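Let me begin by presenting the structure, written as structure tokens, before commenting on it.
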Amino acid sequence: MSDTVRITRTVRFSAAHRYHSDRLSDEENRRVFGKCNRPHGHGHDYRVDVGVVGPVDPVTGMVMNLADLDAVLKEHVVEPLDHGFLNYDVEHFASVVPTCENIALYVVDLITEPLEHFGIRLAGVRVWEGNDLYAEVDLEESGS
Amino acid sequence: MRTVRLTRRYRFEAAHRLVVSGYTPEQNWEIYGKCSREGGHGHNYEIDVTVAGVPDPVTGLVIERERMDRIVEERVVDRCDHRDLNDVIPDVVTTGENLAVVYHQWLEDAFTGPARLVRVRVHETARNVFDAVSLPPSR
């Protein structure tokens, strides 16, 4: 018998971004995105909460070794994104607007498979742009 | 297409007092203690509003921030900021529980799609937090 527990680890990175879609006119971009559309971009100290879920190992008492989780998050999230300009330095965001929503979805895609190598299921990702705004993907709730 | 939840925080300051109308001061003291004192008191309320939807394929947004701000400011913040909540919401006791439910009602029909309201969280203080959660959509 082992209990299932969901644990959450937080990592942080700082990055610049700009909200702009090539599929909208300049005027539409300004209307939809407001100040976030300004050409030279702006930045945030992002916080990412990563939830993983699984049975508690009866010997170690852990769902996942946090050193392994940290290594995955460092390699796949922090190192590629930290101190970058997301629109220009991250290929995915050349064509996808790096909104808080899309960053959360992207982080899910970055870490799902690396976590599976450890037999660990990703439960959700929450991306904080600041203290007053976050976007989250809950993989447990949607059942996907 | 994957659903993303977006949460945005709003703030206002307001007075309130916890009393059941018709109860004696002793009865109210029994239930609410200091919160029932005659002169009332206030809080720096923080309201987390959560909406869910599939991000627009072009803009990448579940909802435009300005639109969300306009809705919440008009329907909640402007109605409550620097007011006595017992005047604003006279029908129920202005507990955190009831405020969460009332704000949820005030907001629900403004988020008809593509983003829909899933939760209103009222922080009365750093220690008292109340959630009113939308029922799952009926089929």
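Naming works like this for the structure tokens: A, B, ... for the chains as they're shown, residue 1 at the start of each chain, ligands 1 onward in shown order.
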- Task: Show which residues sit within 8 Å of Gly41 of chain A, as a list in words. Count only C-alpha atoms, and ignore same-chain residues fewer than 3 positions away.
- Result: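 Close residues of Gly41 of chain A: Ala16, His17, Arg18, Tyr19, Cys36, Asn37 and Arg38 of chain A.
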- Task: Skip segment 44-61 of chain A itself and residues of its chain fewer than 5 positions away, then list as a PyMOL selection string all residues within 6 Å of it, counting only C-alpha atoms.
- Result: chain A and resi 2-15+121-129
- Query: From the list B:Gly22, B:Arg119, B:Val4, B:Val133, which residue is nearest Asp56 of chain B when using only C-alpha atoms?
  - Reply: B:Val4
- Looking only at strand (DSSP E) from DSSP on the backbone, list the matching residues of chain B as number ranges by chain. B: 4-16, 41-53, 116-123, 129-133
With C-alpha atoms retained, write the just-selected residues as a CSV table (one decimal), in the first residue's frame.
```csv
chain,number,residue,atom,x,y,z
B,4,VAL,CA,-5.1,27.1,-19.2
B,5,ARG,CA,-6.3,28.8,-16.0
B,6,LEU,CA,-5.3,32.4,-15.5
B,7,THR,CA,-5.4,34.1,-12.1
B,8,ARG,CA,-5.2,37.8,-11.6
B,9,ARG,CA,-5.2,39.6,-8.2
B,10,TYR,CA,-7.2,42.7,-7.3
B,11,ARG,CA,-7.2,44.8,-4.2
B,12,PHE,CA,-9.5,47.1,-2.3
B,13,GLU,CA,-9.9,48.4,1.3
B,14,ALA,CA,-13.3,48.2,3.0
B,15,ALA,CA,-15.1,48.3,6.3
B,16,HIS,CA,-17.4,45.6,7.6
B,41,HIS,CA,-13.5,47.5,11.3
B,42,GLY,CA,-11.8,47.1,7.9
B,43,HIS,CA,-9.5,44.9,5.9
B,44,ASN,CA,-7.1,45.2,2.9
B,45,TYR,CA,-8.9,42.7,0.8
B,46,GLU,CA,-7.2,40.8,-2.0
B,47,ILE,CA,-9.3,39.1,-4.6
B,48,ASP,CA,-7.9,36.4,-6.9
B,49,VAL,CA,-10.1,35.9,-9.9
B,50,THR,CA,-9.4,32.7,-11.9
B,51,VAL,CA,-10.7,32.2,-15.5
B,52,ALA,CA,-10.1,29.1,-17.7
B,53,GLY,CA,-10.1,28.7,-21.4
B,116,ARG,CA,-15.1,31.3,-18.1
B,117,LEU,CA,-15.0,32.0,-14.4
B,118,VAL,CA,-13.7,29.1,-12.3
B,119,ARG,CA,-12.9,30.5,-8.9
B,120,VAL,CA,-13.0,33.6,-6.8
B,121,ARG,CA,-10.6,33.7,-3.8
B,122,VAL,CA,-11.1,36.3,-1.1
B,123,HIS,CA,-8.1,37.0,1.1
B,129,VAL,CA,-8.8,32.9,2.7
B,130,PHE,CA,-12.1,31.9,1.1
B,131,ASP,CA,-12.8,30.2,-2.2
B,132,ALA,CA,-16.0,30.2,-4.2
B,133,VAL,CA,-15.6,27.6,-7.0
```
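The protein and nucleic acid residues lying at most 6 Å from segment 27-39 of chain B are Arg17, Leu18, Val19, Tyr23, Thr24 and Pro25 of chain B, with only C-alpha atoms considered and sequence neighbours fewer than 2 positions away removed.
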- Rank B:Met1, B:Ala126, B:Val20, B:Val58 by their smallest atom-to-atom distance to Pro90 of chain B, using only C-alpha atoms, and report the top residue only.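 When distances to Pro90 of chain B are compared using only C-alpha atoms, the smallest one comes from B:Val20.
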- Task: Find, counting only C-alpha atoms, the residue in A:Glu113, A:Glu79, A:Asp68, A:Asp22 that gets nearest to chain B.
- Result: A:Asp22
